[in-house]
file start-v4.pdb (PDB, C-alpha atoms and all ligand atoms)
ATOM      1  CA  MET A1061      48.291-271.423 101.861
ATOM      2  CA  LYS A1062      50.332-270.330  98.881
ATOM      3  CA  LEU A1063      48.244-267.498  97.602
ATOM      4  CA  LYS A1064      50.825-264.797  97.379
ATOM      5  CA  ASN A1065      50.325-264.483  93.639
ATOM      6  CA  LEU A1066      46.610-264.579  93.836
ATOM      7  CA  VAL A1067      45.092-261.787  91.864
ATOM      8  CA  VAL A1068      41.449-261.129  92.432
ATOM      9  CA  ILE A1069      39.908-259.311  89.541
ATOM     10  CA  LEU A1070      36.350-258.772  88.480
ATOM     11  CA  VAL A1071      35.916-261.077  85.571
ATOM     12  CA  SER A1072      32.540-262.348  84.697
ATOM     13  CA  LEU A1073      34.458-264.061  81.945
ATOM     14  CA  ILE A1074      35.429-267.106  83.936
ATOM     15  CA  PHE A1075      32.690-268.664  85.983
ATOM     16  CA  VAL A1076      33.660-271.343  88.383
ATOM     17  CA  LEU A1077      31.872-274.032  90.227
ATOM     18  CA  PRO A1078      33.871-274.855  93.317
ATOM     19  CA  LEU A1079      35.210-278.337  93.481
ATOM     20  CA  LEU A1080      34.161-279.421  96.907
ATOM     21  CA  ASP A1081      34.535-283.133  96.795
ATOM     22  CA  THR A1082      38.123-284.289  96.917
ATOM     23  CA  ARG A1083      37.260-287.941  97.116
ATOM     24  CA  THR A1084      37.785-289.917  93.995
ATOM     25  CA  THR A1085      35.977-292.968  92.769
ATOM     26  CA  SER A1086      38.489-293.425  90.012
ATOM     27  CA  GLN A1087      40.468-296.591  89.835
ATOM     28  CA  ASN A1088      43.200-294.905  87.901
ATOM     29  CA  TYR A1089      46.427-293.994  89.621
ATOM     30  CA  ILE A1090      49.497-291.978  88.729
ATOM     31  CA  ILE A1091      52.786-293.597  89.638
ATOM     32  CA  GLN A1092      56.455-292.804  89.167
ATOM     33  CA  PHE A1093      59.700-294.654  89.819
ATOM     34  CA  ALA A1094      63.022-293.239  90.959
ATOM     35  CA  THR A1095      64.794-295.074  88.214
ATOM     36  CA  ALA A1096      64.674-294.745  84.465
ATOM     37  CA  ALA A1097      65.408-298.478  84.061
ATOM     38  CA  VAL A1098      61.896-299.820  84.331
ATOM     39  CA  ASN A1099      60.697-302.876  82.473
ATOM     40  CA  ARG A1100      57.301-301.903  81.152
ATOM     41  CA  ASN A1101      56.248-305.474  80.444
ATOM     42  CA  LYS A1102      57.049-306.541  83.995
ATOM     43  CA  ILE A1103      54.967-303.735  85.380
ATOM     44  CA  ARG A1104      52.103-304.851  83.186
ATOM     45  CA  GLN A1105      52.507-308.384  84.491
ATOM     46  CA  HIS A1106      52.212-307.122  88.051
ATOM     47  CA  LEU A1107      49.188-305.044  87.185
ATOM     48  CA  ALA A1108      47.538-307.991  85.489
ATOM     49  CA  GLY A1109      47.434-309.549  88.944
ATOM     50  CA  CYS A1110      44.741-307.067  89.894
ATOM     51  CA  GLN A1111      43.226-306.937  86.422
ATOM     52  CA  GLY A1112      44.991-303.674  85.830
ATOM     53  CA  ASP A1113      47.052-302.213  83.041
ATOM     54  CA  ILE A1114      49.083-299.192  81.986
ATOM     55  CA  ILE A1115      46.788-296.589  80.438
ATOM     56  CA  ARG A1116      49.474-294.192  79.321
ATOM     57  CA  SER A1117      52.971-293.137  80.169
ATOM     58  CA  TYR A1118      54.766-289.868  79.697
ATOM     59  CA  ALA A1119      58.342-288.718  80.071
ATOM     60  CA  PRO A1120      58.523-284.906  80.229
ATOM     61  CA  GLY A1121      61.474-283.426  78.400
ATOM     62  CA  TYR A1122      62.746-281.869  81.611
ATOM     63  CA  SER A1123      62.855-285.117  83.617
ATOM     64  CA  LYS A1124      64.447-288.530  83.110
ATOM     65  CA  TYR A1125      61.685-290.245  85.022
ATOM     66  CA  ARG A1126      58.529-291.396  83.330
ATOM     67  CA  TRP A1127      55.018-290.969  84.658
ATOM     68  CA  TYR A1128      52.617-293.873  84.363
ATOM     69  CA  GLU A1129      48.863-293.758  84.585
ATOM     70  CA  ILE A1130      47.582-297.179  85.540
ATOM     71  CA  ARG A1131      44.136-298.668  85.931
ATOM     72  CA  ILE A1132      43.360-301.002  88.794
ATOM     73  CA  ASN A1133      40.199-303.071  88.514
ATOM     74  CA  GLN A1134      40.591-304.739  91.920
ATOM     75  CA  PRO A1135      41.543-301.851  94.225
ATOM     76  CA  ASP A1136      41.748-304.130  97.260
ATOM     77  CA  LEU A1137      44.821-305.706  95.684
ATOM     78  CA  LEU A1138      46.511-302.368  95.152
ATOM     79  CA  PRO A1139      48.614-302.403  98.373
ATOM     80  CA  ARG A1140      50.101-305.751  97.382
ATOM     81  CA  ILE A1141      50.949-304.535  93.895
ATOM     82  CA  ILE A1142      52.423-301.319  95.276
ATOM     83  CA  LYS A1143      54.611-303.304  97.647
ATOM     84  CA  LYS A1144      55.963-305.410  94.790
ATOM     85  CA  LEU A1145      56.630-302.415  92.568
ATOM     86  CA  ARG A1146      58.295-300.599  95.421
ATOM     87  CA  GLU A1147      60.605-303.500  96.074
ATOM     88  CA  GLU A1148      61.550-304.061  92.465
ATOM     89  CA  TYR A1149      61.573-300.598  90.936
ATOM     90  CA  GLN A1150      61.920-297.932  93.600
ATOM     91  CA  LEU A1151      58.355-296.789  93.234
ATOM     92  CA  THR A1152      58.327-293.299  94.725
ATOM     93  CA  TYR A1153      54.937-291.856  93.895
ATOM     94  CA  VAL A1154      51.427-293.242  93.940
ATOM     95  CA  ALA A1155      48.355-291.045  93.795
ATOM     96  CA  PRO A1156      44.800-291.590  92.654
ATOM     97  CA  VAL A1157      43.796-289.733  89.533
ATOM     98  CA  THR A1158      41.866-286.751  90.745
ATOM     99  CA  PRO A1159      38.781-285.344  89.054
ATOM    100  CA  VAL A1160      39.241-282.439  86.684
ATOM    101  CA  LYS A1161      36.388-280.025  86.232
ATOM    102  CA  LEU A1162      35.904-277.352  83.668
ATOM    103  CA  SER A1163      35.104-274.000  85.112
ATOM    104  CA  ALA A1164      31.532-273.364  84.094
ATOM    105  CA  THR A1165      30.667-270.677  81.600
ATOM    106  CA  ALA A1166      27.432-269.310  80.276
ATOM    107  CA  ASN A1167      26.991-269.424  76.517
ATOM    108  CA  ASP A1168      23.639-267.757  76.077
ATOM    109  CA  PRO A1169      23.200-264.475  74.218
ATOM    110  CA  TYR A1170      22.284-262.571  77.376
ATOM    111  CA  PHE A1171      25.613-263.437  78.889
ATOM    112  CA  LEU A1172      27.333-262.185  75.783
ATOM    113  CA  THR A1173      25.271-259.005  75.821
ATOM    114  CA  GLY A1174      26.508-258.312  79.317
ATOM    115  CA  GLN A1175      30.082-258.804  78.310
ATOM    116  CA  GLN A1176      30.758-255.138  77.589
ATOM    117  CA  ASN A1177      29.927-254.297  81.176
ATOM    118  CA  TYR A1178      32.801-256.208  82.690
ATOM    119  CA  PHE A1179      35.220-255.025  80.047
ATOM    120  CA  LYS A1180      34.167-251.456  80.757
ATOM    121  CA  ARG A1181      34.540-251.985  84.493
ATOM    122  CA  LEU A1182      38.014-253.321  83.930
ATOM    123  CA  GLY A1183      38.831-250.129  82.018
ATOM    124  CA  ILE A1184      39.872-252.230  79.080
ATOM    125  CA  GLU A1185      39.212-249.487  76.541
ATOM    126  CA  ALA A1186      42.055-247.478  78.043
ATOM    127  CA  ALA A1187      44.262-250.531  77.670
ATOM    128  CA  TRP A1188      43.209-250.950  74.047
ATOM    129  CA  ASN A1189      44.606-247.490  73.278
ATOM    130  CA  ASN A1190      48.045-248.853  74.045
ATOM    131  CA  GLN A1191      47.784-252.554  73.342
ATOM    132  CA  ALA A1192      45.047-254.420  71.553
ATOM    133  CA  GLY A1193      46.751-257.770  71.322
ATOM    134  CA  SER A1194      49.571-258.982  69.137
ATOM    135  CA  ASP A1195      49.994-261.948  66.855
ATOM    136  CA  ARG A1196      53.505-262.270  68.217
ATOM    137  CA  ILE A1197      51.968-263.601  71.416
ATOM    138  CA  LYS A1198      50.647-267.151  71.518
ATOM    139  CA  VAL A1199      48.078-268.048  74.148
ATOM    140  CA  ALA A1200      47.459-271.741  74.796
ATOM    141  CA  VAL A1201      43.898-272.579  75.788
ATOM    142  CA  ILE A1202      43.871-275.907  77.640
ATOM    143  CA  ASP A1203      40.208-276.739  77.392
ATOM    144  CA  THR A1204      37.675-278.447  75.100
ATOM    145  CA  GLY A1205      39.180-277.190  71.839
ATOM    146  CA  ILE A1206      38.316-274.143  69.718
ATOM    147  CA  ASP A1207      35.729-273.878  66.933
ATOM    148  CA  SER A1208      37.930-273.362  63.881
ATOM    149  CA  LEU A1209      35.014-272.089  61.780
ATOM    150  CA  HIS A1210      33.805-269.504  64.252
ATOM    151  CA  PRO A1211      33.330-266.203  62.345
ATOM    152  CA  ASP A1212      34.727-264.142  65.224
ATOM    153  CA  ILE A1213      37.816-266.246  65.953
ATOM    154  CA  ASN A1214      40.415-265.711  63.273
ATOM    155  CA  ASN A1215      43.735-266.287  64.962
ATOM    156  CA  ILE A1216      43.960-270.003  65.635
ATOM    157  CA  PHE A1217      47.502-271.294  65.818
ATOM    158  CA  LEU A1218      49.053-272.917  62.781
ATOM    159  CA  ASN A1219      52.127-275.032  63.442
ATOM    160  CA  LYS A1220      54.304-274.047  60.516
ATOM    161  CA  LYS A1221      56.985-276.569  61.433
ATOM    162  CA  GLU A1222      54.591-279.448  60.791
ATOM    163  CA  ILE A1223      53.663-280.692  57.298
ATOM    164  CA  PRO A1224      49.992-281.686  57.479
ATOM    165  CA  PHE A1225      48.646-285.131  56.647
ATOM    166  CA  ASP A1226      51.924-286.869  55.887
ATOM    167  CA  SER A1227      51.759-289.039  59.022
ATOM    168  CA  ILE A1228      55.214-287.810  60.006
ATOM    169  CA  ASP A1229      56.126-285.852  63.112
ATOM    170  CA  ASN A1230      58.085-283.279  61.112
ATOM    171  CA  ASP A1231      58.953-281.009  64.024
ATOM    172  CA  ASN A1232      59.866-283.973  66.205
ATOM    173  CA  ASN A1233      57.842-282.841  69.193
ATOM    174  CA  GLY A1234      56.172-286.210  69.744
ATOM    175  CA  TYR A1235      52.902-285.342  67.997
ATOM    176  CA  VAL A1236      52.198-286.392  64.414
ATOM    177  CA  ASP A1237      50.629-283.792  62.087
ATOM    178  CA  ASP A1238      49.838-281.455  64.970
ATOM    179  CA  ILE A1239      49.042-278.505  62.769
ATOM    180  CA  ARG A1240      46.527-276.904  65.136
ATOM    181  CA  GLY A1241      47.478-278.067  68.592
ATOM    182  CA  TRP A1242      46.543-281.490  69.871
ATOM    183  CA  ASN A1243      43.544-283.479  71.031
ATOM    184  CA  PHE A1244      44.723-285.345  74.132
ATOM    185  CA  ILE A1245      41.448-287.200  74.608
ATOM    186  CA  ASN A1246      41.445-288.933  71.233
ATOM    187  CA  GLU A1247      45.205-288.556  70.651
ATOM    188  CA  ASN A1248      44.817-286.918  67.258
ATOM    189  CA  ASN A1249      45.143-283.516  65.635
ATOM    190  CA  TYR A1250      41.427-282.683  65.587
ATOM    191  CA  THR A1251      41.134-279.799  68.030
ATOM    192  CA  ASP A1252      37.724-278.416  67.178
ATOM    193  CA  ASP A1253      35.369-277.828  70.070
ATOM    194  CA  ASP A1254      32.498-280.285  70.593
ATOM    195  CA  ASN A1255      31.530-278.707  73.893
ATOM    196  CA  GLY A1256      31.573-274.917  73.562
ATOM    197  CA  HIS A1257      33.542-274.195  76.731
ATOM    198  CA  GLY A1258      36.908-273.819  75.029
ATOM    199  CA  THR A1259      35.546-271.613  72.244
ATOM    200  CA  HIS A1260      33.887-269.392  74.817
ATOM    201  CA  VAL A1261      37.091-268.990  76.806
ATOM    202  CA  ALA A1262      39.166-268.502  73.656
ATOM    203  CA  GLY A1263      36.728-265.880  72.403
ATOM    204  CA  ILE A1264      37.014-263.787  75.523
ATOM    205  CA  ILE A1265      40.783-263.934  75.205
ATOM    206  CA  GLY A1266      41.135-263.400  71.503
ATOM    207  CA  ALA A1267      37.937-263.029  69.466
ATOM    208  CA  THR A1268      38.549-260.391  66.829
ATOM    209  CA  THR A1269      37.763-256.992  68.302
ATOM    210  CA  ASN A1270      36.283-254.017  66.448
ATOM    211  CA  ASN A1271      34.973-256.094  63.518
ATOM    212  CA  GLN A1272      31.232-255.686  64.092
ATOM    213  CA  ILE A1273      30.886-259.405  64.638
ATOM    214  CA  GLY A1274      30.076-261.229  67.853
ATOM    215  CA  ILE A1275      32.033-260.140  70.892
ATOM    216  CA  ALA A1276      35.182-258.210  71.694
ATOM    217  CA  GLY A1277      38.226-260.183  72.722
ATOM    218  CA  ALA A1278      40.421-258.879  75.522
ATOM    219  CA  ALA A1279      43.448-259.194  73.221
ATOM    220  CA  GLY A1280      41.690-259.624  69.883
ATOM    221  CA  GLY A1281      43.462-256.868  67.943
ATOM    222  CA  GLY A1282      41.285-254.918  65.493
ATOM    223  CA  PHE A1283      42.454-251.408  66.406
ATOM    224  CA  GLU A1284      44.959-249.218  64.657
ATOM    225  CA  ILE A1285      47.914-248.387  66.860
ATOM    226  CA  ASP A1286      50.712-246.221  65.450
ATOM    227  CA  GLY A1287      48.944-246.292  62.087
ATOM    228  CA  LYS A1288      48.917-250.062  61.872
ATOM    229  CA  LYS A1289      45.930-252.317  62.311
ATOM    230  CA  ARG A1290      46.757-254.966  64.848
ATOM    231  CA  ARG A1291      45.926-258.633  64.811
ATOM    232  CA  GLY A1292      45.041-260.305  68.045
ATOM    233  CA  VAL A1293      46.890-262.956  69.957
ATOM    234  CA  ILE A1294      47.332-266.405  68.445
ATOM    235  CA  LEU A1295      45.154-269.006  70.151
ATOM    236  CA  ILE A1296      46.528-272.540  70.556
ATOM    237  CA  PRO A1297      43.823-275.171  71.129
ATOM    238  CA  LEU A1298      44.947-277.980  73.424
ATOM    239  CA  LYS A1299      41.988-280.249  73.956
ATOM    240  CA  THR A1300      41.923-282.098  77.263
ATOM    241  CA  ALA A1301      38.157-282.494  77.653
ATOM    242  CA  ASN A1302      35.144-283.082  75.448
ATOM    243  CA  LYS A1303      31.375-282.868  75.405
ATOM    244  CA  ARG A1304      30.964-286.273  77.001
ATOM    245  CA  ASN A1305      32.632-284.857  80.040
ATOM    246  CA  GLN A1306      35.741-286.914  79.470
ATOM    247  CA  HIS A1307      38.732-285.251  81.056
ATOM    248  CA  GLY A1308      42.365-286.056  80.985
ATOM    249  CA  SER A1309      44.207-286.789  84.209
ATOM    250  CA  ASN A1310      46.853-284.472  85.609
ATOM    251  CA  ILE A1311      49.387-286.313  83.429
ATOM    252  CA  VAL A1312      47.363-285.345  80.357
ATOM    253  CA  ILE A1313      47.097-281.704  81.387
ATOM    254  CA  ALA A1314      50.819-281.727  82.184
ATOM    255  CA  LYS A1315      51.443-282.949  78.637
ATOM    256  CA  ALA A1316      49.318-280.097  77.313
ATOM    257  CA  VAL A1317      51.300-277.563  79.368
ATOM    258  CA  ASP A1318      54.568-279.002  78.067
ATOM    259  CA  LEU A1319      53.332-278.890  74.466
ATOM    260  CA  ALA A1320      52.211-275.283  74.900
ATOM    261  CA  VAL A1321      55.755-274.420  75.980
ATOM    262  CA  ASN A1322      57.097-276.376  72.999
ATOM    263  CA  TYR A1323      54.931-274.235  70.694
ATOM    264  CA  GLY A1324      56.301-271.063  72.224
ATOM    265  CA  ALA A1325      53.178-270.021  74.124
ATOM    266  CA  LYS A1326      53.725-266.928  76.246
ATOM    267  CA  ILE A1327      50.497-267.414  78.172
ATOM    268  CA  ILE A1328      48.665-270.591  79.179
ATOM    269  CA  ASN A1329      45.033-270.386  80.211
ATOM    270  CA  LEU A1330      43.494-273.149  82.316
ATOM    271  CA  SER A1331      39.812-272.572  83.030
ATOM    272  CA  LEU A1332      39.579-275.762  85.016
ATOM    273  CA  GLN A1333      40.126-277.153  88.439
ATOM    274  CA  THR A1334      41.974-280.213  89.575
ATOM    275  CA  THR A1335      43.380-281.558  92.783
ATOM    276  CA  ALA A1336      46.340-283.607  93.918
ATOM    277  CA  ILE A1337      47.325-285.371  97.083
ATOM    278  CA  ASN A1338      49.894-283.821  99.352
ATOM    279  CA  PRO A1339      52.638-283.041  98.769
ATOM    280  CA  ILE A1340      51.227-281.502  95.599
ATOM    281  CA  GLU A1341      54.746-280.530  94.512
ATOM    282  CA  LYS A1342      55.228-284.149  93.424
ATOM    283  CA  ASP A1343      52.245-284.104  91.086
ATOM    284  CA  PRO A1344      53.093-284.206  87.343
ATOM    285  CA  LEU A1345      50.944-281.180  86.514
ATOM    286  CA  TYR A1346      52.493-279.154  89.322
ATOM    287  CA  GLN A1347      55.939-279.947  87.981
ATOM    288  CA  SER A1348      55.047-279.042  84.398
ATOM    289  CA  LEU A1349      53.617-275.728  85.569
ATOM    290  CA  SER A1350      56.873-275.025  87.424
ATOM    291  CA  GLN A1351      58.849-275.857  84.314
ATOM    292  CA  ALA A1352      56.658-273.567  82.169
ATOM    293  CA  ALA A1353      57.130-270.735  84.657
ATOM    294  CA  ARG A1354      60.900-271.243  84.536
ATOM    295  CA  GLN A1355      60.620-270.709  80.757
ATOM    296  CA  GLY A1356      58.932-267.369  81.390
ATOM    297  CA  VAL A1357      55.390-268.465  80.551
ATOM    298  CA  ILE A1358      52.535-266.648  82.280
ATOM    299  CA  LEU A1359      50.070-269.125  83.779
ATOM    300  CA  ILE A1360      46.438-268.172  84.335
ATOM    301  CA  ALA A1361      43.824-270.358  86.018
ATOM    302  CA  ALA A1362      40.208-269.873  86.941
ATOM    303  CA  SER A1363      39.811-269.786  90.661
ATOM    304  CA  GLY A1364      36.258-269.139  91.571
ATOM    305  CA  ASN A1365      33.248-267.002  91.361
ATOM    306  CA  THR A1366      30.216-267.453  93.443
ATOM    307  CA  ASP A1367      28.027-265.247  95.540
ATOM    308  CA  ASP A1368      27.862-267.857  98.289
ATOM    309  CA  PRO A1369      29.535-266.007 101.193
ATOM    310  CA  HIS A1370      31.476-269.068 102.280
ATOM    311  CA  TYR A1371      32.878-269.972  98.902
ATOM    312  CA  ALA A1372      33.323-266.364  97.805
ATOM    313  CA  ASN A1373      36.188-266.408 100.291
ATOM    314  CA  LEU A1374      38.892-268.253  98.415
ATOM    315  CA  ASP A1375      40.692-269.103 101.629
ATOM    316  CA  ASN A1376      37.803-271.413 102.458
ATOM    317  CA  TRP A1377      38.178-273.705  99.488
ATOM    318  CA  SER A1378      40.964-272.682  97.162
ATOM    319  CA  HIS A1379      43.298-275.192  98.759
ATOM    320  CA  TYR A1380      41.350-277.911  96.955
ATOM    321  CA  ASN A1381      42.614-276.625  93.640
ATOM    322  CA  LEU A1382      46.121-277.595  92.611
ATOM    323  CA  LEU A1383      46.272-274.749  90.123
ATOM    324  CA  THR A1384      45.470-271.916  92.498
ATOM    325  CA  ASN A1385      47.914-273.340  94.998
ATOM    326  CA  HIS A1386      50.794-273.215  92.583
ATOM    327  CA  PRO A1387      52.944-270.190  93.404
ATOM    328  CA  ASP A1388      53.536-269.392  89.729
ATOM    329  CA  VAL A1389      49.873-269.404  88.713
ATOM    330  CA  ILE A1390      47.799-266.245  88.594
ATOM    331  CA  ALA A1391      44.369-267.216  89.837
ATOM    332  CA  VAL A1392      41.501-265.228  88.427
ATOM    333  CA  THR A1393      38.142-265.068  90.060
ATOM    334  CA  ALA A1394      35.138-262.813  89.971
ATOM    335  CA  THR A1395      33.588-260.567  92.488
ATOM    336  CA  GLU A1396      30.623-258.288  92.534
ATOM    337  CA  VAL A1397      32.678-255.803  94.520
ATOM    338  CA  ILE A1398      34.901-253.437  92.624
TER
HETATM  339 CA    CA A1401      54.759-282.659  65.516
HETATM  340 CA    CA A1402      53.454-284.090  59.537
HETATM  341 CA    CA A1403      34.218-259.358  67.351
END

call {"tool": "encode", "arguments": {"input": "start-v4.pdb", "output": "structure tokens"}}
result
Amino acid sequence: MKLKNLVVILVSLIFVLPLLDTRTTSQNYIIQFATAAVNRNKIRQHLAGCQGDIIRSYAPGYSKYRWYEIRINQPDLLPRIIKKLREEYQLTYVAPVTPVKLSATANDPYFLTGQQNYFKRLGIEAAWNNQAGSDRIKVAVIDTGIDSLHPDINNIFLNKKEIPFDSIDNDNNGYVDDIRGWNFINENNYTDDDNGHGTHVAGIIGATTNNQIGIAGAAGGGFEIDGKKRRGVILIPLKTANKRNQHGSNIVIAKAVDLAVNYGAKIINLSLQTTAINPIEKDPLYQSLSQAARQGVILIAASGNTDDPHYANLDNWSHYNLLTNHPDVIAVTATEVI
């Protein structure tokens, strides 16, 4: 159990439903070859034999090997296809796409009313005397997007290296016109929130503080420090889920992590849970998290909060979550004990 970095803090801000079921009914798989010389069309021909196809592929900047997400419509033929791919292309990794779940949040006014309690219990006002947030810090929120018109969220990232609406990838990062992050579900630059989860999480991180509107953000600026009114952290929306409960695979979330690093994010927040088969170190998301950590990025993931005695003990279930098992990830959960 790699929990040495686990930090258990009272945070009502991230509610989690434990992911208990590690089985997958998905017919999508993640595969990788130990050679960069792979003929994509030949792979597709093999996959056609089981009515399958390549859904997406992704080559992280830090690796010469490409990840493929494939769909298999006749799973009983999978072993035969795997055997062929292994023989021809040094297939080294095959894993079913695992379910990704958003960590649940409450969005009702009563929840928001109670917000000040947990901030007070954290002693956050003392922290605000020294640091109220800074617009020099970018925080990537890998979630359902962020409501760009929200009156209390005023620090959404603007990619100044990208010229909007010219259909050109001006900053050459692989994403065209990505002026406000990226929508990985629809593969476009529309990162508004159609679900509410991402806006809620982003608000707790960086809603404008001390403005008499809505809620206080943990790092939302708003206070004068050394005679200067501070702005809060910059929030980068990276949309990997939507209101129809569509979620990207671990490849998709890995892409979001890599893009956050590309944007210069200092902190990446993942209020979600996902799994991987053992050894999890070979999973694409695990590897992107490692790469982000090597770049000095702080990684935060929701771990759990429940008053069920069994699941309140993270040791009983945390091993299901790839994120909380990554040694570079700070896992945040809630407790009623403080
Ligand atoms: Ca771009
Ligand atoms: Ca452009
Ligand atoms: Ca506010």

call {"tool": "residues_near_ligand", "arguments": {"input": "start-v4.pdb", "ligand": "ligand CA 1403 (chain A)", "cutoff": "6 Å", "atoms": "all atoms listed in the file", "output": "PyMOL selection string"}}
result
chain A and resi 1212+1267-1276

call {"tool": "residues_near_ligand", "arguments": {"input": "start-v4.pdb", "ligand": "ligand CA 1402 (chain A)", "cutoff": "8 Å", "atoms": "only C-alpha atoms and all ligand atoms", "output": "PDB file with C-alpha atoms, in the frame of the given file"}}
result
ATOM      1  CA  GLU A1222      54.591-279.448  60.791  1.00  0.00           C
ATOM      2  CA  ILE A1223      53.663-280.692  57.298  1.00  0.00           C
ATOM      3  CA  PRO A1224      49.992-281.686  57.479  1.00  0.00           C
ATOM      4  CA  PHE A1225      48.646-285.131  56.647  1.00  0.00           C
ATOM      5  CA  ASP A1226      51.924-286.869  55.887  1.00  0.00           C
ATOM      6  CA  SER A1227      51.759-289.039  59.022  1.00  0.00           C
ATOM      7  CA  ILE A1228      55.214-287.810  60.006  1.00  0.00           C
ATOM      8  CA  ASP A1229      56.126-285.852  63.112  1.00  0.00           C
ATOM      9  CA  ASN A1230      58.085-283.279  61.112  1.00  0.00           C
ATOM     10  CA  ASP A1231      58.953-281.009  64.024  1.00  0.00           C
ATOM     11  CA  VAL A1236      52.198-286.392  64.414  1.00  0.00           C
ATOM     12  CA  ASP A1237      50.629-283.792  62.087  1.00  0.00           C
ATOM     13  CA  ASP A1238      49.838-281.455  64.970  1.00  0.00           C
ATOM     14  CA  ILE A1239      49.042-278.505  62.769  1.00  0.00           C
TER      15      ILE A1239
END

call {"tool": "resolve_selection", "arguments": {"input": "start-v4.pdb", "expression": "the PyMOL selection byres (((chain A and resi 1154) around 8) and not hetatm)", "output": "list in words"}}
result
Tyr1089, Ile1090, Ile1091, Gln1092, Leu1151, Thr1152, Tyr1153, Ala1155 and Pro1156 of chain A

call {"tool": "write_last_selection", "arguments": {"input": "start-v4.pdb", "atoms": "C-alpha atoms", "output": "tab-separated table (two decimals), keeping the file's coordinate frame"}}
result
chain	number	residue	atom	x	y	z
A	1089	TYR	CA	46.43	-293.99	89.62
A	1090	ILE	CA	49.50	-291.98	88.73
A	1091	ILE	CA	52.79	-293.60	89.64
A	1092	GLN	CA	56.46	-292.80	89.17
A	1151	LEU	CA	58.36	-296.79	93.23
A	1152	THR	CA	58.33	-293.30	94.72
A	1153	TYR	CA	54.94	-291.86	93.90
A	1155	ALA	CA	48.36	-291.04	93.80
A	1156	PRO	CA	44.80	-291.59	92.65

call {"tool": "residues_near_point", "arguments": {"input": "start-v4.pdb", "point": "(50.2, -282.7, 94.5)", "cutoff": "12 Å", "atoms": "all atoms listed in the file", "output": "mmCIF file with C-alpha atoms, keeping the file's coordinate frame"}}
result
data_model
loop_
_atom_site.group_PDB
_atom_site.id
_atom_site.type_symbol
_atom_site.label_atom_id
_atom_site.label_comp_id
_atom_site.auth_asym_id
_atom_site.auth_seq_id
_atom_site.Cartn_x
_atom_site.Cartn_y
_atom_site.Cartn_z
ATOM 1 C CA ILE A 1090 49.497 -291.978 88.729
ATOM 2 C CA TYR A 1153 54.937 -291.856 93.895
ATOM 3 C CA VAL A 1154 51.427 -293.242 93.940
ATOM 4 C CA ALA A 1155 48.355 -291.045 93.795
ATOM 5 C CA PRO A 1156 44.800 -291.590 92.654
ATOM 6 C CA VAL A 1157 43.796 -289.733 89.533
ATOM 7 C CA THR A 1158 41.866 -286.751 90.745
ATOM 8 C CA ASN A 1310 46.853 -284.472 85.609
ATOM 9 C CA ILE A 1311 49.387 -286.313 83.429
ATOM 10 C CA THR A 1334 41.974 -280.213 89.575
ATOM 11 C CA THR A 1335 43.380 -281.558 92.783
ATOM 12 C CA ALA A 1336 46.340 -283.607 93.918
ATOM 13 C CA ILE A 1337 47.325 -285.371 97.083
ATOM 14 C CA ASN A 1338 49.894 -283.821 99.352
ATOM 15 C CA PRO A 1339 52.638 -283.041 98.769
ATOM 16 C CA ILE A 1340 51.227 -281.502 95.599
ATOM 17 C CA GLU A 1341 54.746 -280.530 94.512
ATOM 18 C CA LYS A 1342 55.228 -284.149 93.424
ATOM 19 C CA ASP A 1343 52.245 -284.104 91.086
ATOM 20 C CA PRO A 1344 53.093 -284.206 87.343
ATOM 21 C CA LEU A 1345 50.944 -281.180 86.514
ATOM 22 C CA TYR A 1346 52.493 -279.154 89.322
ATOM 23 C CA GLN A 1347 55.939 -279.947 87.981
ATOM 24 C CA SER A 1348 55.047 -279.042 84.398
ATOM 25 C CA LEU A 1349 53.617 -275.728 85.569
ATOM 26 C CA HIS A 1379 43.298 -275.192 98.759
ATOM 27 C CA TYR A 1380 41.350 -277.911 96.955
ATOM 28 C CA ASN A 1381 42.614 -276.625 93.640
ATOM 29 C CA LEU A 1382 46.121 -277.595 92.611
ATOM 30 C CA LEU A 1383 46.272 -274.749 90.123
ATOM 31 C CA THR A 1384 45.470 -271.916 92.498
ATOM 32 C CA ASN A 1385 47.914 -273.340 94.998
ATOM 33 C CA HIS A 1386 50.794 -273.215 92.583
#

call {"tool": "atom_distance", "arguments": {"input": "start-v4.pdb", "atom1": "CA of Asn1088 in chain A", "atom2": "CA of Arg1140 in chain A"}}
result
16.0 Å
